[in-house]
file input-v1.cif (mmCIF, C-alpha atoms and all ligand atoms)
data_my_file
loop_
_atom_site.label_atom_id
_atom_site.label_comp_id
_atom_site.auth_asym_id
_atom_site.auth_seq_id
_atom_site.Cartn_x
_atom_site.Cartn_y
_atom_site.Cartn_z
CA MET I 1 -22.47 -113.06 52.48
CA THR I 2 -19.64 -110.51 52.92
CA SER I 3 -22.08 -107.62 52.47
CA ARG I 4 -23.94 -108.81 55.59
CA ARG I 5 -20.80 -108.97 57.72
CA PRO I 6 -21.17 -106.33 60.42
CA LEU I 7 -18.51 -103.75 61.06
CA VAL I 8 -16.64 -105.05 64.12
CA MET I 9 -16.36 -102.20 66.64
CA ILE I 10 -16.07 -104.20 69.85
CA PRO I 11 -13.00 -103.64 72.04
CA GLY I 12 -11.19 -106.48 70.26
CA PRO I 13 -10.95 -108.36 68.01
CA VAL I 14 -10.89 -105.34 65.71
CA GLU I 15 -11.09 -104.51 62.03
CA VAL I 16 -7.69 -105.14 60.42
CA SER I 17 -5.91 -103.28 57.62
CA PRO I 18 -5.69 -104.57 54.04
CA ALA I 19 -1.91 -105.14 54.46
CA VAL I 20 -2.47 -107.27 57.56
CA ARG I 21 -5.25 -109.22 55.83
CA GLU I 22 -3.08 -109.89 52.83
CA ALA I 23 -0.17 -111.15 54.94
CA TYR I 24 -2.53 -113.34 56.99
CA ALA I 25 -4.08 -114.83 53.85
CA ALA I 26 -0.73 -115.99 52.36
CA PRO I 27 -0.25 -119.72 51.80
CA PRO I 28 1.06 -120.89 55.22
CA PRO I 29 4.87 -120.90 55.37
CA GLY I 30 6.74 -123.45 57.49
CA HIS I 31 8.26 -122.21 60.73
CA LEU I 32 11.76 -122.50 59.22
CA ALA I 33 10.96 -120.81 55.89
CA PRO I 34 13.18 -117.83 55.04
CA GLU I 35 10.22 -115.42 54.81
CA LEU I 36 8.97 -116.56 58.19
CA ILE I 37 12.40 -116.15 59.79
CA GLU I 38 12.65 -112.63 58.37
CA ALA I 39 9.13 -111.67 59.52
CA PHE I 40 9.81 -113.11 62.99
CA GLY I 41 13.18 -111.40 63.37
CA ALA I 42 11.86 -108.06 62.13
CA SER I 43 8.83 -108.33 64.45
CA ILE I 44 11.07 -108.86 67.48
CA GLU I 45 13.02 -105.72 66.60
CA MET I 46 9.82 -103.75 65.94
CA LEU I 47 8.25 -104.87 69.22
CA ARG I 48 11.03 -103.05 71.11
CA ARG I 49 10.29 -99.90 69.09
CA VAL I 50 6.52 -100.03 69.65
CA TRP I 51 7.05 -100.70 73.37
CA LEU I 52 9.72 -97.92 73.48
CA ALA I 53 11.80 -100.55 75.26
CA PRO I 54 15.53 -100.64 75.91
CA ALA I 55 17.94 -102.63 73.73
CA SER I 56 18.62 -104.92 76.72
CA SER I 57 14.97 -106.02 76.92
CA GLN I 58 13.70 -109.28 75.49
CA PRO I 59 10.57 -109.38 73.35
CA PHE I 60 8.57 -112.63 73.31
CA ILE I 61 6.17 -113.59 70.53
CA VAL I 62 4.37 -116.78 71.52
CA PRO I 63 1.21 -118.61 70.48
CA GLY I 64 -1.75 -117.75 72.68
CA SER I 65 -3.99 -114.89 73.69
CA GLY I 66 -3.77 -112.07 76.19
CA THR I 67 -4.46 -114.52 79.00
CA THR I 68 -1.42 -116.55 77.93
CA ALA I 69 0.69 -113.38 78.01
CA MET I 70 -0.56 -112.60 81.53
CA GLU I 71 0.16 -116.15 82.69
CA THR I 72 3.63 -116.03 81.12
CA ALA I 73 4.48 -112.82 82.97
CA VAL I 74 3.19 -114.20 86.28
CA GLN I 75 4.70 -117.67 86.04
CA ASN I 76 8.19 -116.43 85.15
CA THR I 77 8.48 -113.74 87.79
CA VAL I 78 6.34 -114.76 90.79
CA GLU I 79 7.01 -117.75 93.06
CA PRO I 80 4.96 -119.33 95.84
CA GLY I 81 5.27 -117.22 98.98
CA ASP I 82 5.99 -113.94 97.15
CA THR I 83 3.99 -110.85 98.09
CA VAL I 84 2.58 -108.80 95.22
CA ILE I 85 0.40 -105.69 94.90
CA VAL I 86 -2.39 -105.50 92.30
CA VAL I 87 -3.87 -102.11 91.40
CA ASN I 88 -7.31 -103.45 90.55
CA THR I 89 -9.47 -101.58 88.02
CA GLY I 90 -11.95 -104.31 87.09
CA TYR I 91 -12.59 -107.62 85.42
CA PHE I 92 -9.12 -108.16 83.97
CA SER I 93 -7.34 -107.05 87.13
CA ASP I 94 -9.48 -109.64 88.97
CA ARG I 95 -8.15 -112.24 86.52
CA LEU I 96 -4.58 -111.14 87.20
CA ALA I 97 -5.12 -111.38 90.96
CA GLU I 98 -6.61 -114.87 90.57
CA MET I 99 -3.60 -116.00 88.51
CA LEU I 100 -1.24 -114.63 91.14
CA ARG I 101 -3.09 -116.42 93.95
CA ARG I 102 -2.93 -119.68 91.97
CA ALA I 103 0.83 -119.09 91.53
CA GLY I 104 1.03 -119.13 95.34
CA ALA I 105 1.53 -115.40 95.89
CA ALA I 106 0.10 -113.35 98.77
CA VAL I 107 -1.91 -110.74 96.87
CA VAL I 108 -2.54 -107.25 98.24
CA GLU I 109 -5.36 -105.78 96.14
CA LEU I 110 -6.17 -102.10 95.87
CA THR I 111 -9.71 -101.79 94.58
CA ALA I 112 -11.90 -98.98 93.29
CA ILE I 113 -15.53 -98.69 92.26
CA PRO I 114 -16.13 -99.58 88.58
CA GLY I 115 -14.71 -96.91 86.29
CA GLU I 116 -12.40 -95.49 88.93
CA VAL I 117 -8.68 -96.02 89.40
CA PRO I 118 -6.95 -96.38 92.78
CA ASN I 119 -4.70 -93.40 93.51
CA PRO I 120 -0.96 -94.23 93.25
CA SER I 121 -0.55 -92.97 96.83
CA ARG I 122 -2.51 -96.06 97.93
CA ALA I 123 0.12 -98.24 96.24
CA GLN I 124 2.77 -96.38 98.19
CA GLY I 125 0.83 -97.07 101.38
CA ALA I 126 0.59 -100.75 100.46
CA PHE I 127 4.38 -100.97 100.03
CA GLU I 128 4.79 -99.44 103.49
CA ASP I 129 2.22 -101.79 105.04
CA VAL I 130 4.03 -104.82 103.60
CA ALA I 131 7.44 -103.47 104.71
CA ARG I 132 6.11 -103.13 108.28
CA THR I 133 5.42 -106.87 108.35
CA GLY I 134 9.07 -107.54 107.47
CA ARG I 135 8.26 -108.80 103.98
CA ARG I 136 9.21 -107.31 100.64
CA VAL I 137 7.03 -106.81 97.61
CA LYS I 138 8.14 -108.86 94.63
CA ALA I 139 6.01 -107.12 92.01
CA LEU I 140 3.41 -104.43 91.44
CA LEU I 141 0.87 -105.29 88.75
CA ALA I 142 -1.78 -103.22 87.02
CA THR I 143 -4.07 -103.27 84.00
CA HIS I 144 -3.22 -100.34 81.73
CA VAL I 145 -6.75 -100.20 80.30
CA ASP I 146 -9.37 -102.38 81.93
CA THR I 147 -11.58 -103.33 79.00
CA SER I 148 -14.52 -104.04 81.30
CA THR I 149 -14.98 -100.36 82.22
CA GLY I 150 -12.72 -98.42 79.85
CA ALA I 151 -10.73 -97.20 82.86
CA MET I 152 -7.14 -96.19 82.09
CA CYS I 153 -4.59 -96.51 84.87
CA ASP I 154 -1.44 -94.43 84.29
CA PRO I 155 1.49 -96.86 84.56
CA ARG I 156 4.13 -94.16 84.87
CA PRO I 157 3.93 -93.33 88.62
CA LEU I 158 3.41 -97.01 89.44
CA ALA I 159 6.52 -98.08 87.50
CA ALA I 160 8.53 -95.34 89.25
CA LEU I 161 7.22 -96.41 92.66
CA ALA I 162 8.04 -100.07 92.04
CA ARG I 163 11.57 -99.16 90.89
CA GLU I 164 12.12 -97.04 93.98
CA ARG I 165 11.00 -99.91 96.22
CA GLY I 166 13.01 -102.61 94.44
CA ALA I 167 9.92 -104.40 93.07
CA LEU I 168 9.14 -105.39 89.50
CA SER I 169 6.36 -103.55 87.68
CA ILE I 170 4.18 -105.59 85.33
CA PHE I 171 1.47 -104.07 83.13
CA ASP I 172 -1.33 -105.74 81.20
CA GLY I 173 -1.54 -103.66 78.04
CA VAL I 174 -3.95 -105.94 76.18
CA CYS I 175 -6.39 -103.11 75.50
CA ALA I 176 -3.75 -100.37 75.41
CA THR I 177 -0.47 -101.33 73.74
CA ALA I 178 0.26 -99.36 70.56
CA ALA I 179 -2.55 -96.90 71.38
CA GLU I 180 -2.11 -95.51 74.91
CA ARG I 181 1.27 -93.94 75.60
CA PHE I 182 3.68 -96.39 77.19
CA GLU I 183 7.43 -95.77 77.44
CA MET I 184 8.95 -98.94 78.83
CA ASP I 185 12.52 -97.65 78.92
CA ALA I 186 11.93 -94.09 80.14
CA TRP I 187 9.42 -95.20 82.77
CA GLY I 188 11.49 -98.18 83.97
CA ALA I 189 8.70 -100.75 83.58
CA ASP I 190 9.64 -104.44 83.70
CA VAL I 191 6.98 -106.32 81.74
CA TYR I 192 4.44 -104.94 79.28
CA LEU I 193 2.20 -107.52 77.66
CA THR I 194 -0.54 -107.63 75.08
CA ALA I 195 -2.34 -109.80 72.55
CA SER I 196 -2.53 -109.50 68.78
CA GLN I 197 -6.25 -108.75 68.39
CA LYS I 198 -6.53 -105.24 69.82
CA ALA I 199 -4.56 -102.08 68.99
CA ILE I 200 -1.79 -104.17 67.43
CA GLY I 201 -4.42 -104.76 64.74
CA LEU I 202 -4.25 -108.50 63.96
CA PRO I 203 -6.59 -111.45 64.36
CA ALA I 204 -6.32 -113.17 67.77
CA GLY I 205 -3.68 -115.85 68.40
CA LEU I 206 -0.42 -114.24 69.48
CA ALA I 207 0.67 -113.38 73.01
CA LEU I 208 3.19 -110.54 72.90
CA LEU I 209 5.34 -109.25 75.70
CA VAL I 210 8.61 -107.50 76.40
CA ALA I 211 10.59 -108.27 79.56
CA SER I 212 13.29 -106.06 81.09
CA ASP I 213 16.62 -107.48 82.21
CA ARG I 214 15.36 -107.27 85.81
CA ALA I 215 12.30 -109.37 84.91
CA LEU I 216 14.52 -111.88 83.10
CA ALA I 217 16.77 -112.02 86.18
CA ALA I 218 13.70 -112.84 88.31
CA ARG I 219 13.11 -115.89 86.12
CA ASP I 220 16.80 -116.87 86.38
CA ALA I 221 16.60 -116.68 90.17
CA ARG I 222 13.56 -118.97 90.49
CA SER I 223 14.12 -122.15 92.48
CA VAL I 224 11.43 -124.05 90.55
CA ALA I 225 11.01 -123.76 86.77
CA PRO I 226 7.67 -122.46 85.46
CA PRO I 227 5.47 -124.64 83.19
CA LEU I 228 7.56 -125.53 80.15
CA SER I 229 5.25 -124.00 77.53
CA LEU I 230 5.47 -120.59 79.25
CA ASP I 231 9.12 -120.70 80.32
CA TRP I 232 11.30 -117.79 79.21
CA HIS I 233 14.29 -120.16 79.37
CA ALA I 234 12.64 -122.27 76.65
CA TRP I 235 11.49 -119.32 74.53
CA ARG I 236 14.36 -116.87 74.83
CA PRO I 237 16.86 -118.84 72.69
CA ILE I 238 14.16 -119.08 70.01
CA MET I 239 13.62 -115.32 70.05
CA GLN I 240 17.37 -114.72 69.95
CA ALA I 241 17.79 -117.11 67.01
CA TYR I 242 15.00 -115.50 64.97
CA GLU I 243 16.36 -112.04 65.73
CA ALA I 244 19.73 -113.24 64.37
CA ARG I 245 17.74 -114.47 61.33
CA LYS I 246 18.44 -118.12 62.16
CA PRO I 247 15.92 -120.96 62.15
CA ALA I 248 14.77 -122.25 65.53
CA TYR I 249 12.11 -124.49 67.01
CA PHE I 250 10.57 -124.95 70.42
CA ALA I 251 6.81 -124.98 69.75
CA THR I 252 5.24 -124.24 66.38
CA PRO I 253 4.34 -120.56 65.93
CA PRO I 254 1.14 -119.58 64.07
CA THR I 255 3.15 -118.71 60.97
CA ASN I 256 0.53 -116.65 59.15
CA LEU I 257 0.00 -114.54 62.23
CA VAL I 258 3.73 -113.86 62.38
CA LEU I 259 3.62 -112.66 58.75
CA ALA I 260 0.65 -110.47 59.66
CA LEU I 261 2.50 -109.20 62.75
CA ALA I 262 5.42 -107.96 60.68
CA ALA I 263 2.99 -106.14 58.37
CA GLY I 264 0.97 -104.69 61.28
CA LEU I 265 3.97 -103.48 63.29
CA ALA I 266 5.49 -101.87 60.17
CA GLU I 267 2.23 -99.93 59.70
CA ILE I 268 2.21 -98.83 63.34
CA LEU I 269 5.81 -97.62 63.09
CA ARG I 270 5.46 -95.91 59.72
CA GLY I 271 4.75 -92.48 61.25
CA GLY I 272 6.51 -93.20 64.55
CA MET I 273 4.99 -93.80 67.98
CA GLU I 274 4.14 -90.14 68.68
CA GLU I 275 1.93 -90.14 65.60
CA ARG I 276 0.41 -93.44 66.67
CA PHE I 277 -0.50 -92.09 70.12
CA ALA I 278 -1.85 -88.89 68.51
CA LEU I 279 -4.06 -90.93 66.13
CA HIS I 280 -5.70 -92.60 69.12
CA GLN I 281 -6.04 -89.34 71.08
CA ARG I 282 -7.75 -87.76 68.10
CA GLY I 283 -9.96 -90.79 67.43
CA ALA I 284 -11.06 -90.93 71.07
CA ARG I 285 -11.80 -87.20 71.09
CA ALA I 286 -13.93 -87.63 67.98
CA MET I 287 -15.94 -90.54 69.38
CA ARG I 288 -16.43 -88.74 72.68
CA ALA I 289 -17.74 -85.70 70.80
CA ALA I 290 -20.34 -87.95 69.16
CA TRP I 291 -21.35 -89.57 72.47
CA SER I 292 -21.72 -86.19 74.07
CA ALA I 293 -23.96 -85.02 71.19
CA LEU I 294 -26.08 -88.14 71.76
CA GLY I 295 -26.40 -87.37 75.49
CA LEU I 296 -24.40 -90.43 76.59
CA HIS I 297 -22.31 -90.59 79.77
CA HIS I 298 -19.10 -92.55 80.35
CA VAL I 299 -18.57 -95.23 82.99
CA PRO I 300 -15.24 -93.62 84.05
CA ALA I 301 -16.51 -90.40 85.62
CA ARG I 302 -13.13 -88.65 85.39
CA PRO I 303 -12.04 -87.68 81.85
CA ASP I 304 -8.38 -88.46 82.62
CA HIS I 305 -9.40 -92.03 83.50
CA ARG I 306 -11.04 -92.66 80.11
CA SER I 307 -9.06 -94.83 77.72
CA VAL I 308 -8.44 -93.88 74.11
CA THR I 309 -9.17 -97.42 72.91
CA LEU I 310 -12.80 -97.85 73.91
CA SER I 311 -15.81 -96.00 75.23
CA ALA I 312 -17.85 -97.57 78.03
CA LEU I 313 -21.20 -95.78 77.95
CA ARG I 314 -24.11 -95.90 80.38
CA PHE I 315 -27.56 -96.60 78.98
CA PRO I 316 -29.65 -93.44 79.16
CA PRO I 317 -33.06 -93.59 80.90
CA ARG I 318 -35.53 -96.04 79.23
CA VAL I 319 -32.75 -97.70 77.20
CA ASP I 320 -31.73 -101.26 78.09
CA ALA I 321 -29.19 -103.90 77.10
CA THR I 322 -31.13 -104.78 73.93
CA LEU I 323 -29.47 -101.64 72.55
CA VAL I 324 -26.50 -103.82 71.55
CA SER I 325 -28.63 -106.03 69.28
CA ARG I 326 -30.49 -102.99 67.92
CA ILE I 327 -27.09 -101.51 66.95
CA ALA I 328 -26.12 -104.87 65.38
CA GLU I 329 -29.33 -104.77 63.31
CA ARG I 330 -27.90 -101.54 61.90
CA GLY I 331 -24.74 -103.31 60.75
CA VAL I 332 -22.30 -102.56 63.56
CA LEU I 333 -21.11 -104.91 66.28
CA VAL I 334 -20.54 -103.29 69.67
CA ALA I 335 -20.16 -105.03 73.04
CA GLY I 336 -22.35 -105.29 76.12
CA GLY I 337 -21.27 -104.62 79.70
CA LEU I 338 -18.65 -106.89 81.27
CA HIS I 339 -17.92 -105.68 84.77
CA PRO I 340 -19.97 -108.00 87.01
CA THR I 341 -21.40 -105.32 89.30
CA ILE I 342 -22.69 -102.98 86.55
CA ARG I 343 -23.00 -105.40 83.63
CA SER I 344 -26.57 -104.49 82.68
CA GLU I 345 -26.05 -100.73 82.89
CA TYR I 346 -23.75 -99.94 79.97
CA PHE I 347 -22.28 -100.92 76.59
CA ARG I 348 -18.84 -100.66 75.02
CA VAL I 349 -17.55 -99.42 71.67
CA GLY I 350 -13.99 -100.11 70.57
CA HIS I 351 -12.05 -97.49 68.61
CA MET I 352 -8.49 -98.55 67.96
CA GLY I 353 -6.05 -99.26 65.17
CA TYR I 354 -7.10 -99.40 61.54
CA ALA I 355 -10.70 -98.22 62.22
CA LEU I 356 -9.32 -94.83 63.24
CA THR I 357 -7.93 -94.32 59.74
CA ARG I 358 -11.43 -94.92 58.34
CA PRO I 359 -13.82 -92.01 59.00
CA ASP I 360 -16.49 -94.02 57.16
CA PHE I 361 -16.24 -96.78 59.82
CA LEU I 362 -16.55 -94.21 62.59
CA MET I 363 -19.53 -92.56 60.88
CA ARG I 364 -21.31 -95.90 60.46
CA THR I 365 -20.69 -96.63 64.14
CA VAL I 366 -22.09 -93.31 65.34
CA GLU I 367 -25.11 -93.62 63.02
CA ALA I 368 -25.84 -97.17 64.21
CA VAL I 369 -25.61 -96.16 67.88
CA ALA I 370 -27.83 -93.13 67.22
CA GLY I 371 -30.32 -95.34 65.34
CA GLY I 372 -30.36 -97.88 68.16
CA LEU I 373 -31.00 -95.16 70.72
CA ALA I 374 -33.74 -93.58 68.57
CA SER I 375 -35.52 -96.96 68.42
CA PHE I 376 -36.16 -96.58 72.17
CA GLY I 377 -37.54 -93.08 71.67
CA HIS I 378 -34.32 -91.51 73.02
CA ALA I 379 -33.80 -88.15 71.29
CA ALA I 380 -30.70 -88.89 69.24
CA ASP I 381 -29.52 -86.38 66.67
CA ALA I 382 -27.52 -88.69 64.41
CA GLU I 383 -26.51 -85.93 62.01
CA GLY I 384 -25.36 -83.64 64.81
CA ALA I 385 -23.36 -86.50 66.38
CA VAL I 386 -21.69 -87.40 63.09
CA SER I 387 -20.72 -83.81 62.36
CA ALA I 388 -19.38 -83.31 65.92
CA MET I 389 -17.34 -86.49 65.41
CA LEU I 390 -15.97 -85.40 62.03
CA ARG I 391 -15.13 -81.92 63.31
CA ALA I 392 -13.12 -83.40 66.20
CA LEU I 393 -11.40 -85.83 63.84
CA GLN I 394 -10.18 -82.95 61.69
CA SER I 395 -9.09 -80.71 64.56
N1 LIG Z 1 -6.50 -108.15 79.69
C1 LIG Z 1 -7.27 -107.22 79.12
C2 LIG Z 1 -7.15 -105.80 79.55
C3 LIG Z 1 -8.19 -107.61 78.13
O1 LIG Z 1 -8.96 -106.71 77.54
C4 LIG Z 1 -8.27 -108.97 77.74
C5 LIG Z 1 -9.22 -109.43 76.66
N2 LIG Z 1 -10.31 -108.67 76.40
C6 LIG Z 1 -7.42 -109.87 78.38
C7 LIG Z 1 -6.55 -109.42 79.34
C8 LIG Z 1 -7.46 -111.31 78.03
O2 LIG Z 1 -7.05 -111.46 76.72
P1 LIG Z 1 -7.53 -112.69 75.83
O3 LIG Z 1 -9.01 -112.63 75.75
O4 LIG Z 1 -6.84 -112.44 74.52
O5 LIG Z 1 -7.04 -113.91 76.51
#

call {"tool": "encode", "arguments": {"input": "input-v1.cif", "output": "structure tokens", "more": "lines below"}}
Ligand code: PMP
result
Amino acid sequence: MTSRRPLVMIPGPVEVSPAVREAYAAPPPGHLAPELIEAFGASIEMLRRVWLAPASSQPFIVPGSGTTAMETAVQNTVEPGDTVIVVNTGYFSDRLAEMLRRAGAAVVELTAIPGEVPNPSRAQGAFEDVARTGRRVKALLATHVDTSTGAMCDPRPLAALARERGALSIFDGVCATAAERFEMDAWGADVYLTASQKAIGLPAGLALLVASDRALAARDARSVAPPLSLDWHAWRPIMQAYEARKPAYFATPPTNLVLALAAGLAEILRGGMEERFALHQRGARAMRAAWSALGLHHVPARPDHRSVTLSALRFPPRVDATLVSRIAERGVLVAGGLHPTIRSEYFRVGHMGYALTRPDFLMRTVEAVAGGLASFGHAADAEGAVSAMLRALQS
């Protein structure tokens, strides 16, 4: 049974480390058990370090997925009638914009063709356009890595712009956090959110975010409270209690996931965040070297728009979407296209977290992709691709 389990190389959920698996498999502790309180408190402290966030920021660890984290950020900071700007890079930015509209916001969307990223100067123009109408922008939102195309949007200039204009900056880091560089404090970002099942390296089930004091103040200033289960006023005292190593209850946390979170964050921080970012840079370089040897082209045309966490690759001529199942037949799970306008034209391979410490996983992935391509008659030099990958991994 286990020998037939495919290697999971989709852009989340991901393969998890033995330490994370062991913590997750422990007999479930109660939410007030001493070991749970310690794991929770330590995780809150470690979240600030992984996010490179200031001491004044508040981490939140709540049950849910990335969508819950997005909804939490939106519902606590944005009120009906607010104007917001969304730098839209694909499927998950569309979701963010839809959430904002449902929260009653007027949404200014900056769009780009799939794989491209709107230039920050367009966001500046949008601020000016809104100012001319006598309104102010409450928040600027962007998806750090849009998993539907693999497009990476640099949060740094956007966070600076929002600061300068007195707006909050909110970033969806679901497919980026703990892999792509993000410096919450130095860049002045207000909310950075993710989920447990991507570069954090856990199974799915936790929504993770860190809010700046300005974001927390936006919640305090709301005239109407957000839905109770998402409300920072309900969750913050719980986070503060756990950080002080005291028991607390608002809604039951997935206790095994919290144990796994403490193990996963400790692994991420072992070498420090610079080493963590470098691991992903190197891993991405290695996978790109393999794709190039196989004659594959990326959905993001510009190299500086390609994320380190996944590759979105166009099908070469005469290859179609059955490539994904042909790769699965070779023991590796990759993902199909997701962006609605180009869905049938490409596939996606995740490369984040624990898998990057396992050259054997990366080799199996490259071999399976090469084998899948060869089954269409596409000239695919598997050996050449694997050695290009290994060379880049060691450089
Ligand atoms: N944002 C991004 C960038 C994502 O990749 C995903 C999930 N793939 C989400 C949001 C939604 O997260 P979830 O599926 O955990 O709700």

call {"tool": "closest_residue", "arguments": {"input": "input-v1.cif", "among": "I:Pro27, I:Pro300, I:Gly205, I:Gly331", "to": "Pro253 of chain I", "atoms": "all atoms listed in the file"}}
result
I:Gly205

call {"tool": "closest_atom_pairs", "arguments": {"input": "input-v1.cif", "of": "segment 228-312 of chain I", "to": "segment 145-163 of chain I", "cutoff": "8 Å", "atoms": "only C-alpha atoms", "output": "CSV"}}
result
residue,atom,partner,partner_atom,distance
I:Val299,CA,I:Thr149,CA,6.3
I:Pro300,CA,I:Ala151,CA,5.9
I:Asp304,CA,I:Met152,CA,7.8
I:His305,CA,I:Met152,CA,4.9
I:Arg306,CA,I:Ala151,CA,5.3
I:Ser307,CA,I:Met152,CA,5.0
I:Thr309,CA,I:Gly150,CA,7.9
I:Leu310,CA,I:Gly150,CA,6.0
I:Ser311,CA,I:Gly150,CA,6.1
I:Ala312,CA,I:Gly150,CA,5.5

call {"tool": "atom_distance", "arguments": {"input": "input-v1.cif", "atom1": "atom CA of Pro227 of chain I", "atom2": "atom CA of Tyr192 of chain I"}}
result
20.1 Å

call {"tool": "residues_near_ligand", "arguments": {"input": "input-v1.cif", "ligand": "ligand LIG 1 (chain Z)", "cutoff": "6 Å", "atoms": "only C-alpha atoms and all ligand atoms", "output": "short mmCIF file (atom, residue, chain, number, x, y, z; two decimals) with C-alpha atoms, in the coordinates of the input"}}
result
data_model
loop_
_atom_site.label_atom_id
_atom_site.label_comp_id
_atom_site.auth_asym_id
_atom_site.auth_seq_id
_atom_site.Cartn_x
_atom_site.Cartn_y
_atom_site.Cartn_z
CA SER I 65 -3.99 -114.89 73.69
CA GLY I 66 -3.77 -112.07 76.19
CA THR I 67 -4.46 -114.52 79.00
CA PHE I 92 -9.12 -108.16 83.97
CA THR I 143 -4.07 -103.27 84.00
CA VAL I 145 -6.75 -100.20 80.30
CA ASP I 146 -9.37 -102.38 81.93
CA THR I 147 -11.58 -103.33 79.00
CA ASP I 172 -1.33 -105.74 81.20
CA VAL I 174 -3.95 -105.94 76.18
CA CYS I 175 -6.39 -103.11 75.50
CA ALA I 195 -2.34 -109.80 72.55
#

call {"tool": "closest_residue", "arguments": {"input": "input-v1.cif", "among": "I:Ala42, I:Ile200, I:Ala218, I:Val20", "to": "Glu79 of chain I", "atoms": "only C-alpha atoms"}}
result
I:Ala218

call {"tool": "residues_around", "arguments": {"input": "input-v1.cif", "residues": "Arg282 of chain I", "least_positions_apart": "5", "cutoff": "9 Å", "atoms": "only C-alpha atoms", "output": "PyMOL selection string"}}
result
chain I and resi 277+287+308+356+392-395

call {"tool": "atom_distance", "arguments": {"input": "input-v1.cif", "atom1": "atom CA of Thr365 of chain I", "atom2": "atom CA of Ala179 of chain I"}}
result
19.5 Å

call {"tool": "atom_distance", "arguments": {"input": "input-v1.cif", "atom1": "atom CA of Phe250 of chain I", "atom2": "atom CA of Leu168 of chain I"}}
result
27.4 Å
